[in-house]
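Trainee: Structure supplied as query36.cif; contents: mmCIF, C-alpha atoms.
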```
data_my_file
#
loop_
_atom_site.label_atom_id
_atom_site.label_comp_id
_atom_site.auth_asym_id
_atom_site.auth_seq_id
_atom_site.Cartn_x
_atom_site.Cartn_y
_atom_site.Cartn_z
CA MET F 21 23.98 -1.94 9.06
CA THR F 22 20.74 -3.67 10.07
CA ASP F 23 18.60 -2.32 12.84
CA PRO F 24 17.54 -5.24 15.03
CA ALA F 25 13.82 -6.01 15.31
CA LYS F 26 12.44 -5.07 18.70
CA HIS F 27 9.77 -7.76 18.72
CA LEU F 28 11.51 -10.81 17.29
CA PRO F 29 11.37 -13.97 19.47
CA SER F 30 14.82 -14.72 20.87
CA THR F 31 14.42 -18.41 20.03
CA PHE F 32 14.85 -17.77 16.30
CA GLN F 33 18.17 -19.05 14.95
CA ARG F 34 20.06 -16.14 13.39
CA LEU F 35 21.97 -17.03 10.20
CA GLY F 36 23.59 -13.62 9.56
CA ASP F 37 22.67 -10.72 7.35
CA GLY F 38 21.19 -11.11 3.90
CA THR F 39 24.46 -10.73 1.98
CA ALA F 40 25.05 -14.52 2.14
CA PHE F 41 21.61 -15.08 0.57
CA VAL F 42 21.80 -12.62 -2.33
CA GLU F 43 22.20 -15.33 -4.99
CA GLN F 44 19.41 -17.44 -3.51
CA ILE F 45 17.08 -14.43 -3.35
CA TYR F 46 18.10 -13.31 -6.83
CA GLY F 47 17.47 -16.84 -8.15
CA MET F 48 13.85 -16.79 -7.03
CA LEU F 49 13.17 -13.22 -8.11
CA ASP F 50 10.38 -14.24 -10.46
CA ARG F 51 8.48 -15.56 -7.44
CA ILE F 52 9.06 -12.48 -5.25
CA GLN F 53 6.39 -9.91 -5.90
CA LEU F 54 8.14 -7.41 -3.63
CA PHE F 55 11.31 -7.32 -5.71
CA GLU F 56 9.96 -8.27 -9.12
CA ASP F 57 11.89 -5.69 -11.13
CA PHE F 58 14.98 -5.47 -8.94
CA GLU F 59 18.51 -5.74 -10.33
CA ARG F 60 21.09 -8.01 -8.74
CA ALA F 61 22.98 -4.94 -7.48
CA GLU F 62 19.87 -3.71 -5.69
CA ILE F 63 19.32 -7.10 -4.04
CA ARG F 64 22.96 -7.04 -2.95
CA LEU F 65 22.51 -3.56 -1.48
CA LEU F 66 19.33 -4.65 0.25
CA GLY F 67 21.05 -7.77 1.61
CA HIS F 68 22.94 -5.56 4.05
CA PHE F 69 19.66 -4.40 5.58
CA LEU F 70 18.14 -7.88 6.03
CA GLU F 71 18.72 -10.34 8.87
CA VAL F 72 18.15 -13.99 8.01
CA TYR F 73 16.68 -16.52 10.47
CA ARG F 74 15.66 -20.18 10.49
CA VAL F 75 12.94 -21.78 12.62
CA PRO F 76 11.81 -25.41 12.94
CA HIS F 77 8.44 -26.76 11.79
CA ALA F 78 5.48 -25.63 13.97
CA SER F 79 7.23 -22.50 15.30
CA GLU F 80 5.02 -19.50 15.84
CA ILE F 81 6.64 -16.77 13.76
CA ILE F 82 4.06 -14.02 14.24
CA ARG F 83 1.17 -13.87 16.73
CA GLU F 84 -2.06 -12.00 16.00
CA GLY F 85 -2.43 -8.96 18.27
CA ASP F 86 1.28 -8.70 19.11
CA ALA F 87 3.34 -5.61 18.42
CA GLY F 88 5.62 -6.05 15.40
CA ASP F 89 8.12 -3.76 13.73
CA TYR F 90 9.35 -6.04 10.95
CA MET F 91 8.27 -7.89 7.84
CA LEU F 92 9.48 -11.25 6.60
CA LEU F 93 10.57 -12.51 3.20
CA ILE F 94 10.26 -16.31 3.08
CA ILE F 95 13.43 -17.73 1.51
CA GLU F 96 12.66 -21.43 2.06
CA GLY F 97 9.68 -23.34 3.45
CA ASP F 98 5.95 -22.76 3.94
CA VAL F 99 3.96 -20.81 6.51
CA ASP F 100 0.30 -21.22 7.57
CA VAL F 101 -1.58 -17.99 8.21
CA PHE F 102 -4.43 -17.97 10.73
CA LYS F 103 -6.90 -15.27 11.73
CA ASN F 104 -9.43 -15.18 14.55
CA ASP F 105 -12.91 -14.06 13.52
CA ARG F 106 -15.09 -11.95 15.81
CA ASP F 107 -16.26 -15.09 17.68
CA GLY F 108 -12.65 -16.00 18.44
CA GLN F 109 -12.72 -18.91 15.98
CA ARG F 110 -9.30 -19.45 14.41
CA LYS F 111 -9.46 -19.78 10.62
CA ARG F 112 -6.63 -20.66 8.26
CA ILE F 113 -6.75 -17.89 5.68
CA ALA F 114 -3.64 -18.72 3.61
CA VAL F 115 -0.54 -20.87 3.12
CA VAL F 116 2.42 -18.94 1.80
CA GLY F 117 5.75 -20.19 0.46
CA ALA F 118 9.17 -19.05 -0.70
CA GLY F 119 9.20 -15.61 -2.29
CA LYS F 120 6.17 -14.38 -0.37
CA THR F 121 6.22 -11.72 2.33
CA LEU F 122 4.48 -11.56 5.70
CA GLY F 123 3.90 -8.82 8.22
CA GLU F 124 4.20 -5.76 5.95
CA MET F 125 1.13 -4.11 7.44
CA SER F 126 2.47 -3.91 11.02
CA MET F 127 5.97 -3.07 9.79
CA ILE F 128 4.47 -0.06 8.03
CA ASP F 129 1.60 1.12 10.21
CA GLY F 130 2.77 0.00 13.66
CA GLU F 131 -0.62 -1.54 14.46
CA PRO F 132 -0.88 -4.99 16.11
CA ARG F 133 -0.27 -8.09 13.99
CA PHE F 134 -3.32 -8.95 11.90
CA SER F 135 -2.81 -12.72 11.79
CA THR F 136 -0.87 -15.60 13.32
CA CYS F 137 1.85 -17.20 11.18
CA ILE F 138 3.07 -20.72 11.98
CA ALA F 139 5.87 -22.58 10.21
CA ALA F 140 4.34 -25.47 8.20
CA THR F 141 7.87 -26.78 7.51
CA GLU F 142 11.34 -25.67 8.58
CA VAL F 143 11.39 -22.06 7.39
CA THR F 144 14.24 -19.69 6.44
CA PHE F 145 13.33 -16.03 6.13
CA GLY F 146 14.79 -12.57 5.85
CA VAL F 147 13.66 -9.86 8.27
CA LEU F 148 13.33 -6.20 7.30
CA THR F 149 12.60 -3.87 10.21
CA ARG F 150 10.91 -0.48 10.09
CA ASP F 151 14.16 1.12 11.27
CA SER F 152 16.13 -0.59 8.50
CA LEU F 153 13.60 0.60 5.92
CA SER F 154 13.98 4.16 7.26
CA GLN F 155 17.76 3.78 6.95
CA ILE F 156 17.40 2.60 3.35
CA ILE F 157 15.18 5.59 2.54
CA ALA F 158 17.68 8.01 4.12
CA GLN F 159 20.85 6.41 2.68
CA GLN F 160 19.57 5.04 -0.64
CA PRO F 161 16.45 7.07 -1.50
CA MET F 162 16.00 5.52 -4.96
CA LEU F 163 16.17 1.98 -3.56
CA GLY F 164 13.86 3.09 -0.74
CA ALA F 165 11.36 4.51 -3.23
CA LYS F 166 11.52 1.29 -5.24
CA ILE F 167 10.78 -0.87 -2.19
CA LEU F 168 7.92 1.43 -1.18
CA MET F 169 6.55 1.41 -4.72
CA GLU F 170 6.52 -2.40 -4.69
CA LEU F 171 4.84 -2.41 -1.28
CA VAL F 172 2.15 -0.05 -2.57
CA LEU F 173 1.65 -2.29 -5.61
CA MET F 174 1.38 -5.41 -3.49
CA LEU F 175 -1.05 -3.87 -1.01
CA SER F 176 -3.11 -2.38 -3.81
CA GLN F 177 -3.51 -5.75 -5.49
CA ARG F 178 -4.36 -7.45 -2.21
CA LEU F 179 -6.90 -4.73 -1.43
CA ARG F 180 -8.54 -5.27 -4.82
CA GLN F 181 -8.82 -9.02 -4.24
CA THR F 182 -10.15 -8.61 -0.70
CA SER F 183 -12.63 -5.88 -1.64
CA ASP F 184 -13.82 -7.94 -4.62
CA LYS F 185 -14.65 -10.80 -2.30
CA LEU F 186 -16.25 -8.54 0.28
CA VAL F 187 -18.55 -6.66 -2.11
CA ASN F 188 -20.38 -9.91 -2.90
CA PHE F 189 -21.33 -10.29 0.75
CA LEU F 190 -22.70 -6.77 1.12
CA GLU F 191 -26.37 -5.87 1.07
CA GLN F 192 -27.59 -3.49 -1.65
CA MET G 2 5.98 20.51 -14.37
CA THR G 3 2.89 18.29 -14.23
CA ASP G 4 2.48 15.35 -16.56
CA PRO G 5 -1.06 15.43 -17.92
CA ALA G 6 -3.35 12.49 -17.15
CA LYS G 7 -3.94 10.31 -20.20
CA HIS G 8 -7.39 9.21 -19.15
CA LEU G 9 -8.98 12.34 -17.74
CA PRO G 10 -12.35 13.35 -19.29
CA SER G 11 -11.92 16.49 -21.37
CA THR G 12 -15.12 17.95 -19.90
CA PHE G 13 -13.45 18.61 -16.55
CA GLN G 14 -12.86 22.31 -15.89
CA ARG G 15 -9.15 22.86 -15.31
CA LEU G 16 -8.34 25.45 -12.61
CA GLY G 17 -4.53 25.40 -12.95
CA ASP G 18 -1.81 23.62 -11.04
CA GLY G 19 -1.90 23.04 -7.29
CA THR G 20 0.25 26.02 -6.34
CA ALA G 21 -2.84 28.25 -6.04
CA PHE G 22 -4.38 25.74 -3.60
CA VAL G 23 -1.42 25.24 -1.26
CA GLU G 24 -2.97 27.23 1.59
CA GLN G 25 -6.35 25.52 1.20
CA ILE G 26 -4.70 22.08 1.16
CA TYR G 27 -2.44 23.02 4.06
CA GLY G 28 -5.45 24.27 6.02
CA MET G 29 -7.19 20.91 5.86
CA LEU G 30 -4.08 18.85 6.50
CA ASP G 31 -5.55 17.22 9.60
CA ARG G 32 -8.23 15.69 7.39
CA ILE G 33 -5.86 14.43 4.67
CA GLN G 34 -4.53 11.03 5.57
CA LEU G 35 -2.20 11.07 2.57
CA PHE G 36 -0.28 14.14 3.77
CA GLU G 37 -0.83 13.91 7.50
CA ASP G 38 2.73 14.70 8.54
CA PHE G 39 3.66 16.99 5.64
CA GLU G 40 5.22 20.42 6.13
CA ARG G 41 3.91 23.49 4.32
CA ALA G 42 7.06 23.54 2.17
CA GLU G 43 6.41 19.98 1.05
CA ILE G 44 2.80 20.78 0.13
CA ARG G 45 4.08 23.79 -1.82
CA LEU G 46 6.58 21.57 -3.66
CA LEU G 47 3.88 19.02 -4.34
CA GLY G 48 1.52 21.74 -5.60
CA HIS G 49 3.62 22.00 -8.74
CA PHE G 50 2.90 18.38 -9.57
CA LEU G 51 -0.88 18.57 -9.07
CA GLU G 52 -3.50 19.77 -11.56
CA VAL G 53 -6.72 21.07 -10.03
CA TYR G 54 -10.16 20.55 -11.62
CA ARG G 55 -13.79 21.33 -10.82
CA VAL G 56 -16.84 19.36 -11.93
CA PRO G 57 -20.57 19.99 -11.38
CA HIS G 58 -22.87 17.83 -9.26
CA ALA G 59 -23.64 14.40 -10.76
CA SER G 60 -20.52 14.27 -12.95
CA GLU G 61 -18.94 10.88 -13.37
CA ILE G 62 -15.36 11.37 -12.21
CA ILE G 63 -14.13 7.78 -12.45
CA ARG G 64 -15.84 4.80 -14.13
CA GLU G 65 -15.35 1.21 -12.93
CA GLY G 66 -13.41 -0.85 -15.48
CA ASP G 67 -11.85 2.15 -17.26
CA ALA G 68 -8.12 2.65 -17.57
CA GLY G 69 -6.81 5.31 -15.21
CA ASP G 70 -3.35 6.72 -14.58
CA TYR G 71 -4.15 9.26 -11.88
CA MET G 72 -5.43 9.65 -8.35
CA LEU G 73 -7.57 12.45 -6.92
CA LEU G 74 -7.36 14.49 -3.76
CA ILE G 75 -10.79 15.99 -2.99
CA ILE G 76 -10.32 19.66 -2.06
CA GLU G 77 -14.01 20.58 -1.82
CA GLY G 78 -17.27 18.64 -2.13
CA ASP G 79 -18.44 15.04 -1.74
CA VAL G 80 -18.19 11.99 -3.99
CA ASP G 81 -20.33 8.83 -4.03
CA VAL G 82 -18.44 5.59 -4.66
CA PHE G 83 -20.25 2.69 -6.35
CA LYS G 84 -19.14 -0.84 -7.13
CA ASN G 85 -20.81 -3.54 -9.21
CA ASP G 86 -21.01 -6.95 -7.53
CA ARG G 87 -20.64 -10.19 -9.50
CA ASP G 88 -24.33 -10.06 -10.50
CA GLY G 89 -23.82 -6.59 -11.99
CA GLN G 90 -25.79 -4.93 -9.17
CA ARG G 91 -24.47 -1.45 -8.45
CA LYS G 92 -23.88 -0.86 -4.73
CA ARG G 93 -22.88 2.38 -3.04
CA ILE G 94 -19.85 1.42 -0.97
CA ALA G 95 -18.78 4.84 0.34
CA VAL G 96 -19.28 8.61 0.38
CA VAL G 97 -16.01 10.53 0.60
CA GLY G 98 -15.40 14.21 1.23
CA ALA G 99 -12.71 16.87 1.30
CA GLY G 100 -9.28 15.57 2.31
CA LYS G 101 -9.93 12.05 1.03
CA THR G 102 -8.25 10.44 -1.96
CA LEU G 103 -9.68 8.33 -4.77
CA GLY G 104 -8.15 6.18 -7.48
CA GLU G 105 -4.78 5.41 -5.86
CA MET G 106 -4.97 1.73 -6.78
CA SER G 107 -5.15 2.25 -10.56
CA MET G 108 -2.65 5.11 -10.38
CA ILE G 109 -0.20 2.71 -8.79
CA ASP G 110 -0.89 -0.70 -10.34
CA GLY G 111 -2.25 0.31 -13.76
CA GLU G 112 -5.21 -2.07 -13.42
CA PRO G 113 -8.74 -0.97 -14.41
CA ARG G 114 -10.68 1.30 -12.06
CA PHE G 115 -12.17 -0.64 -9.16
CA SER G 116 -15.22 1.54 -8.61
CA THR G 117 -17.32 4.33 -10.10
CA CYS G 118 -17.08 7.78 -8.49
CA ILE G 119 -19.84 10.33 -9.01
CA ALA G 120 -19.88 13.91 -7.73
CA ALA G 121 -22.53 14.20 -5.01
CA THR G 122 -22.05 18.02 -5.02
CA GLU G 123 -19.91 20.37 -7.07
CA VAL G 124 -16.42 18.94 -6.50
CA THR G 125 -12.94 20.50 -6.67
CA PHE G 126 -10.05 18.06 -6.70
CA GLY G 127 -6.33 17.81 -7.34
CA VAL G 128 -5.04 15.20 -9.79
CA LEU G 129 -1.73 13.39 -9.35
CA THR G 130 -0.71 11.23 -12.32
CA ARG G 131 1.57 8.21 -12.29
CA ASP G 132 4.04 10.14 -14.48
CA SER G 133 4.05 13.08 -12.07
CA LEU G 134 4.69 10.72 -9.15
CA SER G 135 7.62 9.20 -11.08
CA GLN G 136 8.94 12.72 -11.66
CA ILE G 137 8.66 13.52 -7.94
CA ILE G 138 10.56 10.34 -7.07
CA ALA G 139 13.30 11.16 -9.58
CA GLN G 140 13.58 14.89 -8.76
CA GLN G 141 12.66 14.93 -5.06
CA PRO G 142 13.37 11.41 -3.77
CA MET G 143 12.69 12.26 -0.11
CA LEU G 144 9.31 13.81 -0.95
CA GLY G 145 8.62 10.83 -3.24
CA ALA G 146 9.46 8.38 -0.46
CA LYS G 147 7.21 10.30 1.92
CA ILE G 148 4.24 10.18 -0.46
CA LEU G 149 4.83 6.47 -1.08
CA MET G 150 5.12 5.83 2.66
CA GLU G 151 1.76 7.55 3.23
CA LEU G 152 0.21 5.54 0.39
CA VAL G 153 1.49 2.31 1.92
CA LEU G 154 0.08 3.36 5.30
CA MET G 155 -3.30 4.23 3.83
CA LEU G 156 -3.58 1.02 1.82
CA SER G 157 -2.42 -1.04 4.77
CA GLN G 158 -5.11 0.41 7.01
CA ARG G 159 -7.77 -0.07 4.35
CA LEU G 160 -6.64 -3.65 3.82
CA ARG G 161 -6.94 -4.32 7.56
CA GLN G 162 -10.48 -2.93 7.65
CA THR G 163 -11.57 -4.83 4.53
CA SER G 164 -9.97 -8.10 5.62
CA ASP G 165 -11.50 -7.73 9.07
CA LYS G 166 -14.95 -7.52 7.54
CA LEU G 167 -14.29 -10.36 5.11
CA VAL G 168 -13.00 -12.85 7.67
CA ASN G 169 -16.38 -12.81 9.41
CA PHE G 170 -18.06 -14.02 6.22
CA LEU G 171 -15.64 -16.90 5.67
CA GLU G 172 -16.37 -20.52 6.52
CA GLN G 173 -14.12 -22.26 8.99
#
```
In structure tokens, write the structure found in this file.

Mentor:
Amino acid sequence: MTDPAKHLPSTFQRLGDGTAFVEQIYGMLDRIQLFEDFERAEIRLLGHFLEVYRVPHASEIIREGDAGDYMLLIIEGDVDVFKNDRDGQRKRIAVVGAGKTLGEMSMIDGEPRFSTCIAATEVTFGVLTRDSLSQIIAQQPMLGAKILMELVLMLSQRLRQTSDKLVNFLEQ
Amino acid sequence: MTDPAKHLPSTFQRLGDGTAFVEQIYGMLDRIQLFEDFERAEIRLLGHFLEVYRVPHASEIIREGDAGDYMLLIIEGDVDVFKNDRDGQRKRIAVVGAGKTLGEMSMIDGEPRFSTCIAATEVTFGVLTRDSLSQIIAQQPMLGAKILMELVLMLSQRLRQTSDKLVNFLEQ
């Protein structure tokens, strides 16, 4: 039922689809902004469209500038997020843990990866590809709309935070 | 069929629902990021869920900090966008014209308006409320998913641009 990611490193250890992780995902729902008002049945449905992987500490999960057609939901572990500034200096811009998502922007807009994500511990994560999201929208439009609504919410809040910071650097 | 906006100033001149503007909206489709791959039939469908208004030059359309449950699609005219920085200094952060949207963030996340929008000319715009969007999702899930997908795309691209600027101001 899942559509495999085209740009996922082959070294990632595949643990199966998300159906085996429904209870674990449901149990941390209060920490998952993407699914904050999801029912257990919806998580179960969604589980069929996720692939779950595990990588060891220090693995590069996403590389800035690469093509990428999937997003990640971190199920266990922490990930460091780095971004190169215009002088090519690598800066750590965030550390994200279980319940957080990574890579939504490229999954949605098809543009190159914005940042580099490196496993700060062993990390287990679910992968949702663009093709799987399209399948969800076609087969389960209400679930699709709900996921999209949550994505819009998440991006909107991140855009507020980022713009708030930026406006203080701008000249009058 | 439209759900009236709860927070729209009563001084705005109402021109009717969007069905009378379908051809005008369709004609500028290449300038509307929100509907870039919409068919005429979808714009016609959507027209029923839009209310169209006109305001004179210098009208305040949106005020930073206010509640707001709708977004705008500018059909004609230009709008200045201002934002207060943390010292309360008002800065013009953008000028937007026909085909552009305003106010999506509050429409979606229910948080206060992020910026102040003032008509730089006479402005005609369509209004889409949160309740109307919910109606579209319930009654026309595929159209709803398409609108949400375009919103996600738009926010994602804006977040990239904003984050790109911000990262250059950050310390290592």

Trainee: For chain G, report every residue with an atom at most 9 Å from chain F (counting all atoms listed in the file), formatted as an MDAnalysis selection string.

Mentor: chainID G and resid 84:88 90:94 105:107 109:110 112 115 138:139 142:143 145:147 149:150 152:161 163:173

Trainee: How many Å separate atom CA of Arg55 of chain G from atom CA of Gln140 of chain G?

Mentor: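 Atom CA of Gln140 of chain G lies at a distance of 28.2 Å from atom CA of Arg55 of chain G.
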
Trainee: One decimal, in Å: what's the spacing between atom CA of Val143 of chain F and atom CA of Gly108 of chain F?

Mentor: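 Between atom CA of Val143 of chain F and atom CA of Gly108 of chain F the gap is 27.1 Å.
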
Trainee: Please return, as a count of residues only, all polymer residues that have at least one atom within 8 Å of the point (-3.8, -13.3, 16.5); use only C-alpha atoms and the file's own coordinate frame.

Mentor: 11

Trainee: Suppose a student applies the PyMOL selection byres ((chain F and resi 42) around 9) to this structure; what residues should they get, written as a PyMOL selection string?

Mentor: chain F and resi 38-41+43-47+60+63-64+66-67

Trainee: Please indicate the distance in Å from atom CA of Ser11 of chain G to atom CA of Ala121 of chain G, rounded to one decimal place.

Mentor: 19.6 Å

Trainee: I need the output of the PyMOL selection byres ((chain G and resi 75) around 6) for this file as a PyMOL selection string; which residues are they?

Mentor: chain G and resi 74+76-77+99-101+126

Trainee: Quick one: of G:Gly127, G:Gly17, G:Gly69, G:Gly98, who's nearest to Pro113 of chain G, counting only C-alpha atoms?

Mentor: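 Selected residue with least distance to Pro113 of chain G: G:Gly69.
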
Trainee: Leaving out Met72 of chain G and any residue of its chain fewer than 4 positions from it, which residues lie within 7 Å of it when counting only C-alpha atoms, given as a PDB file with C-alpha atoms, keeping the file's coordinate frame?

Mentor:
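Contents of selection07.pdb, as written:
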```pdb
ATOM      1  CA  LEU G 103      -9.680   8.330  -4.770  1.00  0.00           C
ATOM      2  CA  GLY G 104      -8.150   6.180  -7.480  1.00  0.00           C
ATOM      3  CA  GLU G 105      -4.780   5.410  -5.860  1.00  0.00           C
ATOM      4  CA  MET G 108      -2.650   5.110 -10.380  1.00  0.00           C
ATOM      5  CA  VAL G 128      -5.040  15.200  -9.790  1.00  0.00           C
ATOM      6  CA  LEU G 129      -1.730  13.390  -9.350  1.00  0.00           C
ATOM      7  CA  THR G 130      -0.710  11.230 -12.320  1.00  0.00           C
TER       8      THR G 130
END
```

Trainee: Up to 6 Å from (-17.3, 9.3, -2.8) in the file's coordinates: name the residues, counting all atoms listed in the file, as number ranges by chain.

Mentor: G: 79-82, 95-97, 118

Trainee: How would the residues just picked look written out with C-alpha atoms as a compact mmCIF listing (two decimals), in the frame of the given file?

Mentor:
```
# COMPACT_ATOMS: atom_id res chain seq x y z
CA ASP G 79 -18.44 15.04 -1.74
CA VAL G 80 -18.19 11.99 -3.99
CA ASP G 81 -20.33 8.83 -4.03
CA VAL G 82 -18.44 5.59 -4.66
CA ALA G 95 -18.78 4.84 0.34
CA VAL G 96 -19.28 8.61 0.38
CA VAL G 97 -16.01 10.53 0.60
CA CYS G 118 -17.08 7.78 -8.49
```

Trainee: Please, could N, CA and C atoms be added to segment 96-122 of chain G and the result written as a short mmCIF file (atom, residue, chain, number, x, y, z; two decimals), in the frame of the given file?

Mentor:
```
data_model
loop_
_atom_site.label_atom_id
_atom_site.label_comp_id
_atom_site.auth_asym_id
_atom_site.auth_seq_id
_atom_site.Cartn_x
_atom_site.Cartn_y
_atom_site.Cartn_z
N VAL G 96 -19.16 7.19 0.75
CA VAL G 96 -19.28 8.61 0.38
C VAL G 96 -18.02 9.25 0.94
N VAL G 97 -17.26 9.95 0.11
CA VAL G 97 -16.01 10.53 0.60
C VAL G 97 -16.01 12.04 0.35
N GLY G 98 -15.39 12.76 1.29
CA GLY G 98 -15.40 14.21 1.23
C GLY G 98 -14.00 14.82 1.18
N ALA G 99 -13.96 16.12 1.40
CA ALA G 99 -12.71 16.87 1.30
C ALA G 99 -11.60 16.22 2.15
N GLY G 100 -10.41 16.15 1.60
CA GLY G 100 -9.28 15.57 2.31
C GLY G 100 -9.06 14.11 1.98
N LYS G 101 -10.08 13.47 1.36
CA LYS G 101 -9.93 12.05 1.03
C LYS G 101 -9.37 11.90 -0.38
N THR G 102 -8.81 10.73 -0.64
CA THR G 102 -8.25 10.44 -1.96
C THR G 102 -9.05 9.35 -2.65
N LEU G 103 -8.99 9.33 -3.96
CA LEU G 103 -9.68 8.33 -4.77
C LEU G 103 -8.74 7.89 -5.89
N GLY G 104 -8.84 6.63 -6.26
CA GLY G 104 -8.15 6.18 -7.48
C GLY G 104 -6.69 5.83 -7.31
N GLU G 105 -6.21 5.71 -6.04
CA GLU G 105 -4.78 5.41 -5.86
C GLU G 105 -4.41 4.06 -6.46
N MET G 106 -5.34 3.09 -6.35
CA MET G 106 -4.97 1.73 -6.78
C MET G 106 -4.61 1.69 -8.26
N SER G 107 -5.46 2.26 -9.12
CA SER G 107 -5.15 2.25 -10.56
C SER G 107 -3.94 3.13 -10.87
N MET G 108 -3.81 4.25 -10.15
CA MET G 108 -2.65 5.11 -10.38
C MET G 108 -1.38 4.30 -10.18
N ILE G 109 -1.38 3.48 -9.14
CA ILE G 109 -0.20 2.71 -8.79
C ILE G 109 -0.05 1.45 -9.64
N ASP G 110 -1.10 0.63 -9.73
CA ASP G 110 -0.89 -0.70 -10.34
C ASP G 110 -1.31 -0.77 -11.81
N GLY G 111 -1.91 0.31 -12.34
CA GLY G 111 -2.25 0.31 -13.76
C GLY G 111 -3.42 -0.60 -14.14
N GLU G 112 -4.04 -1.22 -13.15
CA GLU G 112 -5.21 -2.07 -13.42
C GLU G 112 -6.44 -1.19 -13.61
N PRO G 113 -7.52 -1.77 -14.19
CA PRO G 113 -8.74 -0.97 -14.41
C PRO G 113 -9.30 -0.41 -13.10
N ARG G 114 -10.05 0.68 -13.22
CA ARG G 114 -10.68 1.30 -12.06
C ARG G 114 -11.56 0.30 -11.32
N PHE G 115 -11.46 0.32 -10.00
CA PHE G 115 -12.17 -0.64 -9.16
C PHE G 115 -13.61 -0.22 -8.93
N SER G 116 -13.88 1.07 -8.94
CA SER G 116 -15.22 1.54 -8.61
C SER G 116 -15.57 2.76 -9.45
N THR G 117 -16.84 3.14 -9.40
CA THR G 117 -17.32 4.33 -10.10
C THR G 117 -17.51 5.45 -9.09
N CYS G 118 -17.00 6.65 -9.41
CA CYS G 118 -17.08 7.78 -8.49
C CYS G 118 -17.89 8.89 -9.13
N ILE G 119 -18.95 9.31 -8.46
CA ILE G 119 -19.84 10.33 -9.01
C ILE G 119 -19.95 11.50 -8.03
N ALA G 120 -19.83 12.70 -8.56
CA ALA G 120 -19.88 13.91 -7.73
C ALA G 120 -21.25 14.03 -7.06
N ALA G 121 -21.27 14.07 -5.74
CA ALA G 121 -22.53 14.20 -5.01
C ALA G 121 -22.88 15.68 -4.81
N THR G 122 -21.90 16.55 -5.07
CA THR G 122 -22.05 18.02 -5.02
C THR G 122 -21.14 18.54 -6.14
#
```
